[in-house]
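So this block is coords18.pdb, PDB, C-alpha atoms:
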ATOM      1  CA  MET A 112       0.000   0.000   0.000
ATOM      2  CA  PRO A 113       1.418   3.432  -0.873
ATOM      3  CA  LYS A 114       2.699   5.494   2.061
ATOM      4  CA  PRO A 115       3.432   9.230   2.352
ATOM      5  CA  TYR A 116       7.001  10.269   1.613
ATOM      6  CA  GLU A 117       8.942  13.501   1.770
ATOM      7  CA  VAL A 118       8.925  15.844  -1.204
ATOM      8  CA  ILE A 119      11.160  18.875  -0.951
ATOM      9  CA  GLY A 120       9.511  22.132  -1.948
ATOM     10  CA  GLU A 121      10.682  25.668  -1.221
ATOM     11  CA  GLY A 122      13.314  24.334   1.139
ATOM     12  CA  LEU A 123      10.880  22.461   3.352
ATOM     13  CA  GLY A 124       9.950  18.795   3.539
ATOM     14  CA  ARG A 125       6.241  18.232   2.918
ATOM     15  CA  PRO A 126       4.493  14.867   3.248
ATOM     16  CA  ARG A 127       2.694  14.046  -0.001
ATOM     17  CA  THR A 128       0.741  10.851  -0.484
ATOM     18  CA  PRO A 129       2.105   8.961  -3.515
ATOM     19  CA  ALA A 130      -0.064   7.314  -6.136
ATOM     20  CA  VAL A 131       0.837   4.098  -7.955
ATOM     21  CA  ARG A 132      -1.089   3.856 -11.222
ATOM     22  CA  ASP A 133      -0.983   0.446 -12.924
ATOM     23  CA  ASN A 134      -2.854  -0.700 -16.002
ATOM     24  CA  SER A 135      -4.753  -3.461 -14.190
ATOM     25  CA  ARG A 136      -6.891  -0.672 -12.667
ATOM     26  CA  HIS A 137      -9.052  -0.655 -15.812
ATOM     27  CA  GLN A 138     -10.054  -4.326 -15.526
ATOM     28  CA  TRP A 139     -10.622  -3.782 -11.802
ATOM     29  CA  GLU A 140     -13.025  -0.959 -12.657
ATOM     30  CA  LYS A 141     -14.777  -2.999 -15.339
ATOM     31  CA  ASN A 142     -15.232  -5.927 -12.961
ATOM     32  CA  ARG A 143     -17.075  -3.600 -10.570
ATOM     33  CA  ALA A 144     -19.170  -1.769 -13.189
ATOM     34  CA  ARG A 145     -22.114  -4.177 -12.880
ATOM     35  CA  ARG A 146     -21.879  -4.747  -9.142
ATOM     36  CA  PRO A 147     -24.582  -3.424  -6.748
ATOM     37  CA  ARG A 148     -24.325   0.262  -5.904
ATOM     38  CA  PRO A 149     -23.315  -0.278  -2.207
ATOM     39  CA  GLU A 150     -20.317  -2.332  -3.334
ATOM     40  CA  ARG A 151     -19.340   0.217  -5.982
ATOM     41  CA  ALA A 152     -19.609   3.029  -3.436
ATOM     42  CA  GLU A 153     -17.095   1.439  -1.069
ATOM     43  CA  SER A 154     -14.069   2.640  -3.034
ATOM     44  CA  GLY A 155     -12.826   3.847  -6.398
ATOM     45  CA  VAL A 156      -9.653   3.926  -8.454
ATOM     46  CA  THR A 157      -8.144   6.777  -6.406
ATOM     47  CA  GLU A 158      -8.485   4.718  -3.235
ATOM     48  CA  ARG A 159      -6.915   1.804  -5.105
ATOM     49  CA  ASP A 160      -3.998   3.909  -6.381
ATOM     50  CA  THR A 161      -3.239   5.622  -3.071
ATOM     51  CA  GLY A 162      -4.292   3.184  -0.353
ATOM     52  CA  LEU A 163      -6.477   5.885   1.214
ATOM     53  CA  GLY A 164     -10.059   5.375   2.316
ATOM     54  CA  THR A 165     -13.030   7.171   0.809
ATOM     55  CA  GLY A 166     -13.326   9.312   3.940
ATOM     56  CA  ASP A 167      -9.734  10.485   3.473
ATOM     57  CA  LEU A 168     -10.488  12.105   0.107
ATOM     58  CA  VAL A 169     -12.002  15.382  -1.068
ATOM     59  CA  PHE A 170     -13.603  15.119  -4.505
ATOM     60  CA  TYR A 171     -14.543  17.850  -6.991
ATOM     61  CA  ALA A 172     -16.312  17.501 -10.338
ATOM     62  CA  LYS A 173     -17.649  20.082 -12.789
ATOM     63  CA  TYR A 174     -19.504  19.383 -16.052
ATOM     64  CA  ARG A 175     -20.147  21.675 -18.995
ATOM     65  CA  GLU A 176     -21.227  21.253 -22.608
ATOM     66  CA  THR A 177     -18.715  22.149 -25.302
ATOM     67  CA  GLY A 178     -18.192  21.596 -29.022
ATOM     68  CA  ALA A 179     -15.688  19.058 -30.318
ATOM     69  CA  SER A 180     -12.392  20.598 -31.397
ATOM     70  CA  ARG A 181     -10.793  19.330 -34.583
ATOM     71  CA  GLU A 182      -8.539  16.987 -32.580
ATOM     72  CA  LEU A 183     -11.358  15.585 -30.448
ATOM     73  CA  ALA A 184     -13.659  15.272 -33.466
ATOM     74  CA  GLU A 185     -11.050  13.166 -35.251
ATOM     75  CA  LEU A 186     -10.518  10.966 -32.208
ATOM     76  CA  PHE A 187     -14.238  10.424 -31.669
ATOM     77  CA  GLY A 188     -14.965  10.090 -35.394
ATOM     78  CA  VAL A 189     -17.629  12.817 -35.302
ATOM     79  CA  PRO A 190     -18.033  16.180 -37.081
ATOM     80  CA  GLU A 191     -16.158  19.144 -35.649
ATOM     81  CA  GLY A 192     -18.424  21.070 -33.263
ATOM     82  CA  THR A 193     -20.377  17.980 -32.144
ATOM     83  CA  ALA A 194     -21.774  18.476 -28.634
ATOM     84  CA  LEU A 195     -19.519  16.971 -25.965
ATOM     85  CA  VAL A 196     -19.769  16.805 -22.189
ATOM     86  CA  GLU A 197     -16.532  18.117 -20.685
ATOM     87  CA  ARG A 198     -15.940  16.839 -17.175
ATOM     88  CA  THR A 199     -13.280  18.301 -14.890
ATOM     89  CA  TYR A 200     -12.143  16.277 -11.884
ATOM     90  CA  ARG A 201      -9.882  17.066  -8.933
ATOM     91  CA  THR A 202      -9.353  14.638  -6.046
ATOM     92  CA  ARG A 203      -7.043  15.287  -3.122
ATOM     93  CA  CYS A 204      -6.165  13.830   0.235
ATOM     94  CA  ALA A 205      -8.171  15.663   2.887
ATOM     95  CA  ALA A 206      -4.943  16.396   4.796
ATOM     96  CA  GLU A 207      -3.304  18.014   1.743
ATOM     97  CA  SER A 208      -4.153  20.989  -0.451
ATOM     98  CA  ALA A 209      -2.923  19.757  -3.863
ATOM     99  CA  PRO A 210      -4.882  17.270  -5.989
ATOM    100  CA  PHE A 211      -3.371  13.983  -7.146
ATOM    101  CA  SER A 212      -3.908  14.960 -10.778
ATOM    102  CA  LEU A 213      -5.655  17.326 -13.152
ATOM    103  CA  VAL A 214      -8.271  15.400 -15.138
ATOM    104  CA  THR A 215     -10.469  16.511 -18.035
ATOM    105  CA  SER A 216     -12.746  13.926 -19.648
ATOM    106  CA  TYR A 217     -14.846  14.217 -22.803
ATOM    107  CA  LEU A 218     -17.933  12.189 -23.763
ATOM    108  CA  VAL A 219     -20.198  12.568 -26.812
ATOM    109  CA  ARG A 220     -23.405  14.068 -25.464
ATOM    110  CA  ASP A 221     -25.722  12.051 -27.704
ATOM    111  CA  MET A 222     -24.272   8.812 -26.355
ATOM    112  CA  LEU A 223     -25.530   9.785 -22.884
ATOM    113  CA  ALA A 224     -29.083  10.632 -23.919
ATOM    114  CA  GLY A 225     -30.526   7.509 -22.315
ATOM    115  CA  ASN A 226     -29.561   8.600 -18.799
ATOM    116  CA  PRO A 227     -30.002  12.305 -17.882
ATOM    117  CA  ASP A 228     -28.110  11.720 -14.614
ATOM    118  CA  LEU A 229     -24.908  11.487 -16.676
ATOM    119  CA  LEU A 230     -25.265  15.198 -17.487
ATOM    120  CA  ASP A 231     -25.512  16.220 -13.814
ATOM    121  CA  ASP A 232     -22.274  16.826 -11.914
ATOM    122  CA  GLY A 233     -24.336  16.825  -8.720
ATOM    123  CA  LYS A 234     -24.416  13.025  -9.023
ATOM    124  CA  GLU A 235     -20.640  12.874  -8.532
ATOM    125  CA  PRO A 236     -18.700  11.084  -7.183
ATOM    126  CA  TRP A 237     -20.317   8.345  -9.244
ATOM    127  CA  PRO A 238     -20.018   4.857  -7.690
ATOM    128  CA  GLY A 239     -18.188   2.686 -10.187
ATOM    129  CA  GLY A 240     -16.735   5.544 -12.231
ATOM    130  CA  THR A 241     -16.968   6.105 -15.958
ATOM    131  CA  GLN A 242     -17.300   2.447 -16.911
ATOM    132  CA  ASN A 243     -20.447   2.128 -14.813
ATOM    133  CA  GLN A 244     -21.771   5.413 -16.209
ATOM    134  CA  LEU A 245     -21.353   4.088 -19.738
ATOM    135  CA  PHE A 246     -22.871   0.753 -18.720
ATOM    136  CA  THR A 247     -26.097   2.570 -17.755
ATOM    137  CA  VAL A 248     -26.550   3.599 -21.411
ATOM    138  CA  GLY A 249     -25.627   0.199 -22.824
ATOM    139  CA  ILE A 250     -21.949   0.849 -23.587
ATOM    140  CA  GLU A 251     -19.325  -1.781 -22.728
ATOM    141  CA  VAL A 252     -15.686  -0.700 -22.780
ATOM    142  CA  ASP A 253     -13.563  -3.152 -24.760
ATOM    143  CA  ARG A 254     -10.095  -1.621 -24.423
ATOM    144  CA  ILE A 255      -8.304   1.443 -23.120
ATOM    145  CA  GLU A 256      -5.331   3.091 -24.802
ATOM    146  CA  GLU A 257      -3.071   5.353 -22.761
ATOM    147  CA  ARG A 258      -0.341   7.518 -24.313
ATOM    148  CA  VAL A 259       2.121   8.967 -21.810
ATOM    149  CA  THR A 260       4.535  11.857 -22.321
ATOM    150  CA  ALA A 261       6.617  13.964 -19.941
ATOM    151  CA  ARG A 262       7.244  17.712 -20.049
ATOM    152  CA  PRO A 263       7.786  20.740 -17.817
ATOM    153  CA  PRO A 264       4.558  21.977 -16.238
ATOM    154  CA  THR A 265       2.849  25.168 -17.270
ATOM    155  CA  PRO A 266       2.805  27.857 -14.546
ATOM    156  CA  GLN A 267      -0.880  27.068 -13.952
ATOM    157  CA  GLU A 268      -0.171  23.347 -13.561
ATOM    158  CA  ALA A 269       2.747  23.993 -11.220
ATOM    159  CA  ARG A 270       0.526  26.123  -8.980
ATOM    160  CA  ALA A 271      -2.437  23.748  -9.052
ATOM    161  CA  LEU A 272      -0.313  20.671  -8.273
ATOM    162  CA  GLU A 273       2.006  22.552  -5.888
ATOM    163  CA  LEU A 274       5.085  21.238  -7.657
ATOM    164  CA  PRO A 275       8.596  21.789  -6.309
ATOM    165  CA  PRO A 276      10.834  23.708  -8.734
ATOM    166  CA  GLY A 277      12.235  21.528 -11.518
ATOM    167  CA  THR A 278       9.517  18.874 -11.251
ATOM    168  CA  SER A 279       8.104  17.531 -14.511
ATOM    169  CA  VAL A 280       4.567  16.359 -15.161
ATOM    170  CA  LEU A 281       3.415  13.156 -16.821
ATOM    171  CA  VAL A 282       0.670  13.741 -19.349
ATOM    172  CA  VAL A 283      -1.679  10.869 -20.209
ATOM    173  CA  ARG A 284      -4.190  10.799 -23.054
ATOM    174  CA  LYS A 285      -6.558   7.962 -22.188
ATOM    175  CA  THR A 286      -8.966   6.759 -24.874
ATOM    176  CA  SER A 287     -11.659   4.198 -24.083
ATOM    177  CA  TYR A 288     -13.088   2.154 -26.973
ATOM    178  CA  ASP A 289     -16.308   0.178 -26.821
ATOM    179  CA  ILE A 290     -17.029  -3.265 -28.282
ATOM    180  CA  GLN A 291     -18.078  -1.568 -31.546
ATOM    181  CA  ASP A 292     -14.600  -0.012 -31.788
ATOM    182  CA  ARG A 293     -15.911   3.506 -31.115
ATOM    183  CA  ALA A 294     -14.006   5.987 -28.968
ATOM    184  CA  VAL A 295     -16.459   6.624 -26.122
ATOM    185  CA  ASP A 296     -14.344   8.562 -23.615
ATOM    186  CA  ILE A 297     -11.236  10.691 -24.121
ATOM    187  CA  THR A 298      -9.490  11.850 -20.966
ATOM    188  CA  HIS A 299      -6.507  14.139 -20.511
ATOM    189  CA  ILE A 300      -4.664  13.546 -17.231
ATOM    190  CA  THR A 301      -1.790  15.628 -15.840
ATOM    191  CA  LEU A 302       0.142  13.823 -13.104
ATOM    192  CA  PRO A 303       2.787  15.336 -10.808
ATOM    193  CA  GLY A 304       6.133  13.675 -11.463
ATOM    194  CA  ASP A 305       7.212  13.848  -7.815
ATOM    195  CA  ARG A 306       4.439  11.666  -6.417
ATOM    196  CA  THR A 307       3.242   9.429  -9.265
ATOM    197  CA  GLU A 308       4.575   6.012 -10.240
ATOM    198  CA  LEU A 309       3.335   4.333 -13.417
ATOM    199  CA  VAL A 310       3.428   0.524 -13.463
ATOM    200  CA  PHE A 311       2.723  -1.509 -16.618
ATOM    201  CA  THR A 312       2.355  -5.280 -16.458
ATOM    202  CA  THR A 313       2.114  -7.162 -19.743
ATOM    203  CA  ALA A 314       0.786 -10.723 -19.748
ATOM    204  CA  LEU A 315       2.424 -12.813 -22.491
ATOM    205  CA  GLU A 316       0.817 -15.761 -24.211
ATOM    206  CA  ARG A 317       2.457 -19.089 -23.335
ATOM    207  CA  TRP A 318       4.147 -21.231 -25.953
TER     208      TRP A 318
END

Written form, structure tokens:
Amino acid sequence: MPKPYEVIGEGLGRPRTPAVRDNSRHQWEKNRARRPRPERAESGVTERDTGLGTGDLVFYAKYRETGASRELAELFGVPEGTALVERTYRTRCAAESAPFSLVTSYLVRDMLAGNPDLLDDGKEPWPGGTQNQLFTVGIEVDRIEERVTARPPTPQEARALELPPGTSVLVVRKTSYDIQDRAVDITHITLPGDRTELVFTTALERW
């Protein structure tokens, strides 16, 4: 289980809870997507990544409607300007002031038409996460592609994540595809390089 460690910032040691993000988290989330609500509400992927309990976390979500940019339109396979739901998430340890990551997720609005609750950020935090949300409108996620790059943070990112000087960020573009091979969720995630570990485990077919 992850434990707090010392990160040096502005000459002072500050305890910051680390997060270990491994790719098995997606199957873990899918396995829970069809479970009863009380079971889904017990914990989420942030609890899994950090070892914290639900009561140790402060969660923020904000939704708004926006039009698909050229890049997002190409990724979703829809016309530019198509109505999207943009979802902004910030989750932090209650004992800390900086979030674990900066997350912006995009869904095609028409895909959510069967469940108006998916347009209401007042329903967050949603037990079971995005895969359960999609399940409520008949969408099953088949695979998830994550592209990871590293770069210096923007001034806004450095302030929001409370990064020590010289710390890079890891930027993830996460695309979820359904069983019809459609992109159904595109998420941009900015992770602080001083407290995030990425772990990838690849199962190989046996001879």

Non-local contacts of A:Gly178 (8 Å; only C-alpha atoms; under 6 positions in same chain excluded) as a PyMOL selection string:
chain A and resi 191-195

Residues from last step as file, C-alpha atoms, as a CSV table (one decimal), keeping the file's coordinate frame:
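Output contents, as saved in selection-v4.csv:
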chain,number,residue,atom,x,y,z
A,191,GLU,CA,-16.2,19.1,-35.6
A,192,GLY,CA,-18.4,21.1,-33.3
A,193,THR,CA,-20.4,18.0,-32.1
A,194,ALA,CA,-21.8,18.5,-28.6
A,195,LEU,CA,-19.5,17.0,-26.0

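Checking A:Val283, A:Ala179, A:Ala271, A:Tyr174 one by one against A:Asp228, counting all atoms listed in the file, you find the shortest gap at A:Tyr174.
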
List as JSON, numbers by chain the protein and nucleic acid residues near A:Glu257, meaning an atom at most 8 Å away when only C-alpha atoms are counted, but skip any in the same chain fewer than 2 places from it.
{"A": [255, 259, 283, 284, 285, 286]}

What is the distance between atom CA of A:Val169 and atom CA of A:Arg198, in Å to one decimal?
16.6 Å

I'd like the contact shell of stretch 200-213 of chain A - 7 Å cut-off, only C-alpha atoms, skipping same-chain residues fewer than 5 positions apart - returned as a count of residues only.
14

For the structure shown, which residues end up in the PyMOL selection byres ((chain A and resi 219) around 9)? Put them as number ranges by chain, please?
A: 179, 187, 189, 193-196, 217-218, 220-223, 295-296

Hey, can I get the axis-aligned box for stretch 275-284 of chain A? All listed atoms, 8 Å padding on each side, centre and edge lengths in Å to one decimal, as lines of an AutoDock Vina configuration file.
center_x = 4.0
center_y = 17.3
center_z = -14.7
size_x = 32.4
size_y = 28.9
size_z = 32.7

Considering only C-alpha atoms, state which residue in the set A:Glu176, A:Glu150, A:Glu251, A:Asp305 is at the smallest distance from A:Asp231.
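So, comparing all the options, the nearest one is A:Glu176.
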
Point-to-point distance from atom CA of A:Thr260 to atom CA of A:Leu281, Å rounded to tenths:
5.8 Å

Residues matched by the PyMOL selection byres ((chain A and resi 312) around 10) as number ranges by chain:
A: 133-135, 310-311, 313-315

Using all atoms listed in the file, which of the listed residues (A:Thr165, A:Leu186, A:Pro147, A:Lys141) sits closest to A:Leu245?
A:Lys141

Can you measure atom CA of A:Gly188 to atom CA of A:Val214 for me? One decimal in Å is fine.
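Taking atom CA of A:Gly188 and atom CA of A:Val214, their separation equals 22.0 Å.
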
Using only C-alpha atoms, which residue out of A:Gln138, A:Arg148, A:Trp318, A:Val282 lies closest to A:Gln244?
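Using only C-alpha atoms, the shortest distance to A:Gln244 belongs to A:Arg148.
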
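Here, the PyMOL selection byres ((chain A and resi 160-163) around 10) matches Met112, Pro113, Lys114, Pro115, Thr128, Pro129, Ala130, Val131, Arg132, Asp133, Arg136, Ser154, Gly155, Val156, Thr157, Glu158, Arg159, Gly164, Thr165, Gly166, Asp167, Leu168, Cys204, Phe211, Thr307 and Glu308 of chain A.
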